[in-house]
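> File follows, data_2.pdb with PDB, C-alpha atoms and all ligand atoms:
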ATOM      1  CA  MET C   1    -106.355  40.636 -95.785
ATOM      2  CA  SER C   2    -109.265  42.873 -95.235
ATOM      3  CA  ALA C   3    -111.995  40.564 -96.466
ATOM      4  CA  ARG C   4    -114.524  39.841 -93.768
ATOM      5  CA  TYR C   5    -116.558  36.729 -93.478
ATOM      6  CA  ARG C   6    -119.317  35.693 -91.225
ATOM      7  CA  CYS C   7    -118.399  33.257 -88.537
ATOM      8  CA  GLY C   8    -121.340  31.326 -87.278
ATOM      9  CA  THR C   9    -120.345  27.739 -86.899
ATOM     10  CA  GLY C  10    -117.792  27.966 -84.155
ATOM     11  CA  GLU C  11    -115.459  25.727 -86.070
ATOM     12  CA  ARG C  12    -111.827  26.592 -85.747
ATOM     13  CA  GLY C  13    -111.056  27.703 -89.168
ATOM     14  CA  GLY C  14    -110.455  30.394 -91.619
ATOM     15  CA  GLN C  15    -113.364  32.739 -91.017
ATOM     16  CA  MET C  16    -112.251  36.251 -90.508
ATOM     17  CA  ILE C  17    -113.888  39.018 -88.540
ATOM     18  CA  ASN C  18    -112.307  42.366 -87.829
ATOM     19  CA  ASP C  19    -109.080  41.229 -89.429
ATOM     20  CA  LEU C  20    -108.742  38.257 -87.112
ATOM     21  CA  ARG C  21    -109.405  34.627 -87.792
ATOM     22  CA  CYS C  22    -111.274  32.684 -85.125
ATOM     23  CA  GLU C  23    -108.247  30.448 -84.954
ATOM     24  CA  GLU C  24    -106.054  33.384 -83.960
ATOM     25  CA  VAL C  25    -108.584  34.524 -81.395
ATOM     26  CA  ILE C  26    -108.723  31.097 -79.773
ATOM     27  CA  GLU C  27    -104.957  30.913 -79.783
ATOM     28  CA  LYS C  28    -104.722  34.213 -77.909
ATOM     29  CA  LEU C  29    -107.798  33.749 -75.766
ATOM     30  CA  LEU C  30    -106.071  32.779 -72.523
ATOM     31  CA  ASP C  31    -103.613  35.634 -72.812
ATOM     32  CA  TYR C  32    -106.577  37.889 -73.497
ATOM     33  CA  LEU C  33    -108.451  36.735 -70.414
ATOM     34  CA  ASP C  34    -105.282  37.093 -68.345
ATOM     35  CA  ARG C  35    -104.894  40.669 -69.656
ATOM     36  CA  GLU C  36    -101.481  39.845 -71.056
ATOM     37  CA  LEU C  37    -101.933  41.232 -74.572
ATOM     38  CA  ASP C  38    -100.826  44.627 -75.770
ATOM     39  CA  SER C  39    -103.707  47.047 -75.970
ATOM     40  CA  GLU C  40    -103.964  46.953 -79.743
ATOM     41  CA  THR C  41    -104.268  43.162 -79.894
ATOM     42  CA  GLU C  42    -106.614  43.184 -76.936
ATOM     43  CA  GLN C  43    -108.881  45.626 -78.714
ATOM     44  CA  ALA C  44    -108.779  43.547 -81.893
ATOM     45  CA  LEU C  45    -109.938  40.477 -79.964
ATOM     46  CA  ALA C  46    -112.644  42.451 -78.202
ATOM     47  CA  ASN C  47    -113.891  43.746 -81.550
ATOM     48  CA  HIS C  48    -113.872  40.265 -83.037
ATOM     49  CA  MET C  49    -115.907  38.907 -80.157
ATOM     50  CA  GLU C  50    -118.487  41.617 -80.496
ATOM     51  CA  THR C  51    -119.511  40.115 -83.791
ATOM     52  CA  CYS C  52    -118.468  36.478 -83.497
ATOM     53  CA  ARG C  53    -120.820  34.436 -81.399
ATOM     54  CA  ALA C  54    -118.608  31.357 -81.477
ATOM     55  CA  CYS C  55    -115.566  33.076 -80.008
ATOM     56  CA  TYR C  56    -117.697  35.085 -77.599
ATOM     57  CA  SER C  57    -119.325  31.910 -76.247
ATOM     58  CA  ARG C  58    -115.987  30.314 -75.788
ATOM     59  CA  ALA C  59    -114.577  33.306 -73.939
ATOM     60  CA  GLU C  60    -117.664  33.394 -71.740
ATOM     61  CA  PHE C  61    -117.253  29.729 -70.925
ATOM     62  CA  GLU C  62    -113.615  30.242 -69.948
ATOM     63  CA  ARG C  63    -114.585  33.242 -67.807
ATOM     64  CA  ARG C  64    -117.293  31.331 -65.982
ATOM     65  CA  LEU C  65    -115.023  28.366 -65.481
ATOM     66  CA  ARG C  66    -112.429  30.671 -63.942
ATOM     67  CA  ALA C  67    -115.002  32.102 -61.607
ATOM     68  CA  ARG C  68    -115.799  28.556 -60.459
ATOM     69  CA  ILE C  69    -112.106  27.742 -60.066
ATOM     70  CA  ASN C  70    -111.668  30.902 -58.033
ATOM     71  CA  GLU C  71    -114.177  29.652 -55.498
ATOM     72  CA  ALA C  72    -111.696  26.914 -54.659
ATOM     73  CA  GLY C  73    -109.140  29.561 -53.723
ATOM     74  CA  ARG C  74    -110.983  30.530 -50.598
ATOM     75  CA  ALA C  75    -111.682  28.299 -47.600
ATOM     76  CA  ALA C  76    -112.854  28.975 -44.084
ATOM     77  CA  ALA C  77    -109.741  29.171 -41.942
ATOM     78  CA  PRO C  78    -109.973  27.060 -38.790
ATOM     79  CA  ASP C  79    -110.183  28.750 -35.397
ATOM     80  CA  SER C  80    -106.865  27.209 -34.440
ATOM     81  CA  LEU C  81    -105.164  29.172 -37.219
ATOM     82  CA  ARG C  82    -106.785  32.410 -36.109
ATOM     83  CA  HIS C  83    -105.584  31.735 -32.557
ATOM     84  CA  ARG C  84    -102.044  31.199 -33.801
ATOM     85  CA  VAL C  85    -102.019  34.446 -35.726
ATOM     86  CA  ARG C  86    -103.511  36.335 -32.818
ATOM     87  CA  ALA C  87    -100.912  34.901 -30.450
ATOM     88  CA  LEU C  88     -98.208  35.928 -32.875
ATOM     89  CA  VAL C  89     -99.248  39.548 -32.971
ATOM     90  CA  GLU C  90     -99.833  39.745 -29.236
ATOM     91  CA  ARG C  91     -96.430  38.293 -28.430
ATOM     92  CA  TYR C  92     -94.527  41.237 -29.896
TER
ATOM     93  CA  MET S   1    -115.416  36.508 -42.228
ATOM     94  CA  SER S   2    -117.414  37.420 -39.203
ATOM     95  CA  ARG S   3    -118.166  33.716 -38.796
ATOM     96  CA  ASN S   4    -115.546  33.521 -36.081
ATOM     97  CA  GLY S   5    -115.935  37.069 -34.986
ATOM     98  CA  GLY S   6    -112.770  38.038 -36.811
ATOM     99  CA  LEU S   7    -109.448  37.161 -35.314
ATOM    100  CA  GLY S   8    -110.830  37.933 -31.907
ATOM    101  CA  PHE S   9    -108.533  40.835 -31.207
ATOM    102  CA  GLU S  10    -109.592  43.306 -28.567
ATOM    103  CA  ARG S  11    -111.413  46.483 -29.398
ATOM    104  CA  PRO S  12    -114.034  44.834 -31.579
ATOM    105  CA  GLY S  13    -115.645  47.010 -34.153
ATOM    106  CA  ARG S  14    -112.675  49.159 -34.964
ATOM    107  CA  HIS S  15    -112.195  47.208 -38.183
ATOM    108  CA  GLY S  16    -115.041  49.195 -39.542
ATOM    109  CA  ALA S  17    -113.060  52.352 -39.038
ATOM    110  CA  PHE S  18    -111.310  51.900 -42.357
ATOM    111  CA  THR S  19    -111.741  49.693 -45.315
ATOM    112  CA  MET S  20    -108.907  47.708 -46.766
ATOM    113  CA  THR S  21    -109.194  48.073 -50.442
ATOM    114  CA  SER S  22    -106.375  48.505 -52.867
ATOM    115  CA  SER S  23    -107.392  52.101 -53.202
ATOM    116  CA  GLY S  24    -108.163  52.602 -49.532
ATOM    117  CA  GLY S  25    -107.893  55.909 -47.757
ATOM    118  CA  ASP S  26    -104.922  57.426 -45.992
ATOM    119  CA  ASN S  27    -105.547  56.104 -42.523
ATOM    120  CA  TRP S  28    -104.568  52.533 -43.261
ATOM    121  CA  GLN S  29    -101.407  53.734 -44.955
ATOM    122  CA  THR S  30    -100.347  55.438 -41.761
ATOM    123  CA  CYS S  31    -102.078  53.524 -38.973
ATOM    124  CA  PRO S  32     -99.926  51.611 -36.445
ATOM    125  CA  PRO S  33     -98.328  48.438 -37.838
ATOM    126  CA  ARG S  34    -100.170  46.130 -35.516
ATOM    127  CA  GLU S  35    -103.541  47.528 -36.399
ATOM    128  CA  PHE S  36    -102.725  47.420 -40.072
ATOM    129  CA  PHE S  37    -101.524  43.839 -39.813
ATOM    130  CA  GLU S  38    -104.546  42.628 -37.871
ATOM    131  CA  VAL S  39    -106.992  44.025 -40.376
ATOM    132  CA  GLN S  40    -105.075  42.635 -43.322
ATOM    133  CA  ALA S  41    -104.730  39.262 -41.643
ATOM    134  CA  GLU S  42    -108.453  39.037 -41.151
ATOM    135  CA  ARG S  43    -109.192  40.245 -44.659
ATOM    136  CA  LEU S  44    -106.884  37.740 -46.336
ATOM    137  CA  MET S  45    -107.149  34.803 -43.939
ATOM    138  CA  ASP S  46    -109.627  32.693 -45.914
ATOM    139  CA  ARG S  47    -107.907  33.338 -49.231
ATOM    140  CA  LEU S  48    -104.495  32.477 -47.873
ATOM    141  CA  TYR S  49    -105.844  29.369 -46.206
ATOM    142  CA  GLY S  50    -107.765  28.315 -49.339
ATOM    143  CA  THR S  51    -104.644  28.815 -51.416
ATOM    144  CA  ALA S  52    -102.514  26.905 -48.933
ATOM    145  CA  LEU S  53    -105.012  24.039 -48.983
ATOM    146  CA  ARG S  54    -104.748  23.762 -52.748
ATOM    147  CA  LEU S  55    -100.973  23.880 -52.605
ATOM    148  CA  THR S  56    -100.408  21.447 -49.751
ATOM    149  CA  ARG S  57    -103.597  19.383 -50.142
ATOM    150  CA  GLU S  58    -103.552  18.743 -46.390
ATOM    151  CA  GLN S  59    -105.405  20.745 -43.760
ATOM    152  CA  ALA S  60    -102.688  20.561 -41.112
ATOM    153  CA  ASP S  61     -99.974  21.490 -43.620
ATOM    154  CA  ALA S  62    -102.085  24.338 -44.953
ATOM    155  CA  GLU S  63    -102.584  25.708 -41.465
ATOM    156  CA  ASP S  64     -98.842  25.502 -40.746
ATOM    157  CA  LEU S  65     -98.037  27.175 -44.048
ATOM    158  CA  VAL S  66    -100.365  30.111 -43.404
ATOM    159  CA  ALA S  67     -99.190  30.473 -39.794
ATOM    160  CA  GLU S  68     -95.559  30.522 -40.923
ATOM    161  CA  THR S  69     -96.427  33.009 -43.647
ATOM    162  CA  PHE S  70     -98.034  35.373 -41.167
ATOM    163  CA  ALA S  71     -95.102  34.976 -38.776
ATOM    164  CA  LYS S  72     -92.639  35.958 -41.505
ATOM    165  CA  ALA S  73     -94.827  38.783 -42.715
ATOM    166  CA  TRP S  74     -95.198  40.168 -39.214
ATOM    167  CA  ALA S  75     -91.457  39.990 -38.610
ATOM    168  CA  ARG S  76     -90.692  41.730 -41.917
ATOM    169  CA  LEU S  77     -93.542  44.203 -41.992
ATOM    170  CA  GLU S  78     -91.219  47.162 -41.670
ATOM    171  CA  SER S  79     -89.502  46.193 -44.903
ATOM    172  CA  LEU S  80     -92.761  46.581 -46.809
ATOM    173  CA  GLU S  81     -92.441  49.963 -48.437
ATOM    174  CA  ASP S  82     -95.895  50.356 -49.885
ATOM    175  CA  ARG S  83     -98.774  49.005 -47.854
ATOM    176  CA  GLN S  84    -100.925  48.906 -50.961
ATOM    177  CA  SER S  85     -98.857  45.977 -52.120
ATOM    178  CA  PHE S  86     -99.379  43.985 -48.927
ATOM    179  CA  GLU S  87    -101.642  41.444 -50.581
ATOM    180  CA  LYS S  88     -99.203  40.313 -53.245
ATOM    181  CA  TRP S  89     -96.325  40.695 -50.839
ATOM    182  CA  ILE S  90     -97.747  38.259 -48.293
ATOM    183  CA  PHE S  91     -98.820  35.872 -51.020
ATOM    184  CA  ARG S  92     -95.244  35.838 -52.323
ATOM    185  CA  ILE S  93     -94.090  34.975 -48.823
ATOM    186  CA  LEU S  94     -96.556  32.092 -48.782
ATOM    187  CA  VAL S  95     -95.364  30.798 -52.150
ATOM    188  CA  ASN S  96     -91.695  31.019 -51.203
ATOM    189  CA  THR S  97     -92.336  29.362 -47.858
ATOM    190  CA  PHE S  98     -94.192  26.566 -49.622
ATOM    191  CA  ILE S  99     -91.431  26.074 -52.191
ATOM    192  CA  SER S 100     -88.711  26.012 -49.536
ATOM    193  CA  ALA S 101     -90.625  23.404 -47.560
ATOM    194  CA  GLN S 102     -91.087  21.292 -50.678
ATOM    195  CA  ARG S 103     -87.400  21.509 -51.502
ATOM    196  CA  ARG S 104     -86.544  20.325 -48.043
ATOM    197  CA  GLU S 105     -88.885  17.389 -48.404
ATOM    198  CA  LYS S 106     -88.138  16.074 -51.806
ATOM    199  CA  ALA S 107     -85.654  16.254 -54.597
ATOM    200  CA  ARG S 108     -86.485  18.569 -57.464
ATOM    201  CA  PRO S 109     -85.839  16.084 -60.309
ATOM    202  CA  LYS S 110     -89.116  14.385 -59.427
ATOM    203  CA  GLU S 111     -90.938  17.607 -60.189
ATOM    204  CA  VAL S 112     -89.227  18.003 -63.521
ATOM    205  CA  LEU S 113     -90.286  14.492 -64.382
ATOM    206  CA  ALA S 114     -93.855  15.269 -63.426
ATOM    207  CA  GLU S 115     -93.768  18.200 -65.787
ATOM    208  CA  GLU S 116     -92.363  16.163 -68.629
ATOM    209  CA  ASP S 117     -94.948  13.477 -68.068
ATOM    210  CA  ALA S 118     -97.737  15.917 -68.722
ATOM    211  CA  PRO S 119     -99.218  15.382 -72.148
ATOM    212  CA  PRO S 120     -98.244  18.093 -74.598
ATOM    213  CA  GLY S 121    -100.811  19.965 -76.608
ATOM    214  CA  GLU S 122    -104.000  21.594 -75.578
ATOM    215  CA  PHE S 123    -107.189  20.144 -74.243
ATOM    216  CA  SER S 124    -110.257  22.322 -74.405
ATOM    217  CA  LEU S 125    -113.259  21.478 -72.315
ATOM    218  CA  PHE S 126    -115.324  23.879 -74.380
ATOM    219  CA  GLU S 127    -114.480  22.062 -77.589
ATOM    220  CA  LYS S 128    -115.235  18.715 -76.007
ATOM    221  CA  MET S 129    -118.608  19.961 -74.831
ATOM    222  CA  HIS S 130    -119.307  21.234 -78.323
ATOM    223  CA  GLN S 131    -118.917  17.971 -80.138
ATOM    224  CA  PRO S 132    -121.793  17.500 -82.573
ATOM    225  CA  PHE S 133    -123.249  14.491 -80.785
ATOM    226  CA  LEU S 134    -123.756  16.631 -77.696
ATOM    227  CA  LEU S 135    -125.350  19.633 -79.304
ATOM    228  CA  TRP S 136    -128.907  18.420 -78.976
ATOM    229  CA  TRP S 137    -128.595  19.157 -75.285
ATOM    230  CA  GLY S 138    -128.763  22.832 -75.933
ATOM    231  CA  ASN S 139    -126.114  24.473 -73.809
ATOM    232  CA  PRO S 140    -123.949  21.630 -72.568
ATOM    233  CA  GLU S 141    -121.090  23.782 -71.343
ATOM    234  CA  GLN S 142    -123.341  25.873 -69.118
ATOM    235  CA  ARG S 143    -124.893  22.674 -67.853
ATOM    236  CA  LEU S 144    -121.457  21.453 -66.979
ATOM    237  CA  LEU S 145    -120.605  24.607 -65.051
ATOM    238  CA  ASP S 146    -123.882  24.369 -63.165
ATOM    239  CA  LYS S 147    -123.360  20.743 -62.259
ATOM    240  CA  LEU S 148    -119.754  20.801 -61.218
ATOM    241  CA  LEU S 149    -119.349  20.957 -57.483
ATOM    242  CA  ARG S 150    -116.640  22.797 -55.678
ATOM    243  CA  GLU S 151    -115.120  19.463 -54.720
ATOM    244  CA  ASP S 152    -114.956  18.447 -58.395
ATOM    245  CA  ILE S 153    -112.935  21.552 -59.101
ATOM    246  CA  GLU S 154    -110.768  21.028 -56.038
ATOM    247  CA  SER S 155    -109.954  17.481 -57.009
ATOM    248  CA  ALA S 156    -109.208  18.526 -60.595
ATOM    249  CA  LEU S 157    -106.760  21.113 -59.247
ATOM    250  CA  ASP S 158    -105.298  18.613 -56.828
ATOM    251  CA  THR S 159    -104.426  16.190 -59.623
ATOM    252  CA  LEU S 160    -102.075  18.717 -61.216
ATOM    253  CA  PRO S 161     -98.322  18.477 -60.731
ATOM    254  CA  GLU S 162     -97.161  21.066 -58.227
ATOM    255  CA  THR S 163     -95.384  23.236 -60.783
ATOM    256  CA  PHE S 164     -98.609  23.690 -62.726
ATOM    257  CA  ARG S 165    -100.739  24.199 -59.638
ATOM    258  CA  LEU S 166     -98.436  26.948 -58.455
ATOM    259  CA  VAL S 167     -98.791  29.092 -61.564
ATOM    260  CA  ILE S 168    -102.547  28.547 -61.749
ATOM    261  CA  VAL S 169    -102.907  29.595 -58.125
ATOM    262  CA  MET S 170    -100.761  32.682 -58.707
ATOM    263  CA  VAL S 171    -102.496  33.862 -61.838
ATOM    264  CA  GLU S 172    -106.064  32.755 -61.216
ATOM    265  CA  PHE S 173    -106.429  33.113 -57.454
ATOM    266  CA  TRP S 174    -104.162  36.098 -56.900
ATOM    267  CA  GLY S 175    -104.262  37.906 -60.217
ATOM    268  CA  PHE S 176    -100.524  37.861 -60.797
ATOM    269  CA  SER S 177     -99.336  38.879 -64.227
ATOM    270  CA  TYR S 178     -97.118  36.354 -65.996
ATOM    271  CA  ALA S 179     -94.161  38.655 -65.317
ATOM    272  CA  GLU S 180     -94.968  38.861 -61.600
ATOM    273  CA  ALA S 181     -95.332  35.085 -61.374
ATOM    274  CA  ALA S 182     -92.060  34.629 -63.274
ATOM    275  CA  ASP S 183     -90.316  37.052 -60.963
ATOM    276  CA  THR S 184     -91.618  35.312 -57.850
ATOM    277  CA  LEU S 185     -90.670  31.860 -59.084
ATOM    278  CA  GLY S 186     -87.382  32.920 -60.649
ATOM    279  CA  LEU S 187     -88.451  31.596 -64.047
ATOM    280  CA  PRO S 188     -88.614  33.042 -67.553
ATOM    281  CA  VAL S 189     -92.020  34.437 -68.509
ATOM    282  CA  GLY S 190     -92.247  31.886 -71.323
ATOM    283  CA  THR S 191     -91.987  29.051 -68.825
ATOM    284  CA  VAL S 192     -94.775  30.527 -66.734
ATOM    285  CA  ARG S 193     -96.943  30.862 -69.834
ATOM    286  CA  SER S 194     -96.358  27.294 -70.941
ATOM    287  CA  ARG S 195     -96.888  25.847 -67.462
ATOM    288  CA  LEU S 196    -100.084  27.803 -67.162
ATOM    289  CA  SER S 197    -101.296  26.599 -70.508
ATOM    290  CA  ARG S 198    -100.460  22.979 -69.812
ATOM    291  CA  GLY S 199    -101.825  23.185 -66.303
ATOM    292  CA  ARG S 200    -105.129  24.536 -67.543
ATOM    293  CA  SER S 201    -105.208  21.897 -70.227
ATOM    294  CA  LEU S 202    -104.695  19.127 -67.708
ATOM    295  CA  MET S 203    -107.253  20.621 -65.403
ATOM    296  CA  GLN S 204    -109.866  20.859 -68.135
ATOM    297  CA  HIS S 205    -109.132  17.273 -69.041
ATOM    298  CA  ALA S 206    -109.711  16.239 -65.434
ATOM    299  CA  LEU S 207    -112.981  18.197 -65.395
ATOM    300  CA  TRP S 208    -114.015  16.540 -68.641
ATOM    301  CA  GLU S 209    -113.514  13.148 -67.032
ATOM    302  CA  GLN S 210    -115.638  14.291 -64.096
ATOM    303  CA  ALA S 211    -118.289  15.448 -66.550
ATOM    304  CA  CYS S 212    -118.314  12.023 -68.169
ATOM    305  CA  GLN S 213    -118.729  10.398 -64.784
ATOM    306  CA  LEU S 214    -121.541  12.791 -63.934
ATOM    307  CA  GLY S 215    -123.245  11.930 -67.196
ATOM    308  CA  ILE S 216    -123.124  15.544 -68.385
ATOM    309  CA  ALA S 217    -120.818  14.532 -71.157
ATOM    310  CA  ALA S 218    -120.668  11.164 -72.738
ATOM    311  CA  GLY S 219    -119.223   9.820 -75.884
ATOM    312  CA  PRO S 220    -116.795   7.519 -77.533
ATOM    313  CA  GLU S 221    -113.948   8.965 -75.513
ATOM    314  CA  LYS S 222    -115.618   8.452 -72.185
ATOM    315  CA  GLY S 223    -113.015   7.924 -69.522
ATOM    316  CA  ALA S 224    -110.258   7.727 -72.057
ATOM    317  CA  ALA S 225    -107.151   9.806 -71.898
ATOM    318  CA  LYS S 226    -106.840  12.311 -74.671
TER
HETATM  319 ZN    ZN R 301    -114.547  34.053 -84.033
END
In C-alpha cells, what does this structure look like?


Amino acid sequence: MSARYRCGTGERGGQMINDLRCEEVIEKLLDYLDRELDSETEQALANHMETCRACYSRAEFERRLRARINEAGRAAAPDSLRHRVRALVERY
Amino acid sequence: MSRNGGLGFERPGRHGAFTMTSSGGDNWQTCPPREFFEVQAERLMDRLYGTALRLTREQADAEDLVAETFAKAWARLESLEDRQSFEKWIFRILVNTFISAQRREKARPKEVLAEEDAPPGEFSLFEKMHQPFLLWWGNPEQRLLDKLLREDIESALDTLPETFRLVIVMVEFWGFSYAEAADTLGLPVGTVRSRLSRGRSLMQHALWEQACQLGIAAGPEKGAAK
C-alpha cells in the first residue's frame, strides 16, 4: 500500500501518509511519546507527523498535557522533612 | 531549591563544587558517600516529595514516605554500584516502601476491584476538544491547557485508582521505561502498558469534566460519564 493521500481533516480514518494511516499513528502515539517503539516505527511516525497536521497537533497536545502533569510531580518539601533527612545523615 | 537554603548542612556553598547531572563529572562518582548523598538528597527532595504527595494524597504520609525512603537509601548506599543510577534507585525504594505500606494497611483484592471498575476503552481529551460544535473557538485544546490549574491536574491524578497512579508517576514523572516499571512492580510489561493507557484515559476524562465545569468545554455530554 504505497498510495499516499492528504490528511487534512483530523478524522480518524483511512488517510495514509508515509505508509501509515492516521489511525495507526494515533494507536501508537502514546508508545511513541514514551519512546517505546522500535526505531523504524518511531521514524515512520515522525515522518508521518511532518506532513500530517492532524496527527502533529494531537501529539503536540499530548506533549503539552504531559508537561502540565509533570508540574504536579514536584512540590516544595516542608522544612520538617529536610530536618529529618539532615538528622539522619548526621546521626551516622 | 535554595528556598530553604538547601538541607542546611554545614559547609554551605560546596554544593556548587560539582553538578549532579546524569552525565556529571568524576568527582561525584568518587566523592565521600555522605557528601554524595547530601547533594542528591537536596537535588531530588522536591521531586520525591511531590511524587509522594501524589501517591499518598496526604502531606503527613508523604513526608513520612520520603523520610523512610531516604533512611533506607542512606543505609543501603554502599550497595548502589553505579552512582549514575541513584535517581531511579531511590525512586524505586520510594515505590516499594509505598507499596509495602499499602499492603500492610489494606487487602489487595480491593485494588483489583478498583482496576476492574475502571471503564474499558480509551478516552481522548483531544478528540473531545475537537468536536465540531467546539471548533468555532479556534484552538480549544490549547485554551484548555492554559486554563487548567495545577490543582485541577492534581485532583484528576488523585481520582485514579492507586495501581494506575503508580504507573503514571513512574513513567511520566520519573521517565521509567515500561520494562523498568514492570521490573519494579513485578508485573508483565503488557500489564504496565494497559494500566498506563487506562490510567491516562481516566485522567483525561477527569480533566474533561473539569473543563466542562470551567466552561472551556461544553456540550451534550456535559458532566456525563463516557
Ligand atoms: Zn495523520

> Which residues fall under the PyMOL selection byres (((chain S and resi 168) around 9) and not hetatm) in this file, as number ranges by chain?

S: 157, 163-167, 169-173, 195-196, 199-200

> Residues contacting ligand ZN 301 (chain R) - anything with an atom at most 6 Å away, using all atoms listed in the file - can you give me those as a list of chain:residue names?

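Listing the residues within 6 Å of ligand ZN 301 (chain R) gives C:Cys7, C:Cys22, C:Cys52, C:Ala54, C:Cys55.
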
> Taking into account all atoms listed in the file, which residue in the set S:Lys88, S:Arg103, S:Arg76, S:Arg83 is nearest to Glu162 of chain S?

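Counting all atoms listed in the file, the residue closest to Glu162 of chain S is S:Arg103.
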
> Could you list, as a PyMOL selection string, the residues of chain C having an atom within 9 Å of chain S when counting all atoms listed in the file?

chain C and resi 30-31+34-36+58+61-62+64-86+88-90

> When distances are computed from all atoms listed in the file, which of S:Gln102, S:Asn96, S:Ser201, S:Thr159 shows the smallest separation from Leu185 of chain S?

S:Asn96

> In Å, with one decimal, what is the gap from atom CA of Ala73 of chain S to atom CA of Trp89 of chain S?

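Between these atoms lies a distance of 8.5 Å.
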
> Interatomic distance between atom CA of Phe86 of chain S and atom CA of Arg91 of chain C?

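These two atoms are separated by 21.5 Å.
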
> Residues within 10 Å of Leu45 of chain C, please, as number ranges by chain. Count only C-alpha atoms; anything in the same chain fewer than 4 positions from it doesn't count.

C: 17-22, 24-26, 28-29, 32, 37, 39-41, 49-50, 55-56

> Rounded to one decimal in Å, what is the spacing between atom CA of Lys147 of chain S and atom CA of Gln213 of chain S?

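Taking atom CA of Lys147 of chain S as the start and atom CA of Gln213 of chain S as the end point, the length is 11.6 Å.
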
> Looking at S:Arg92, S:Lys106, S:Arg43, S:Arg143, which one is nearest to Met129 of chain S, with distances taken over all atoms listed in the file?

S:Arg143
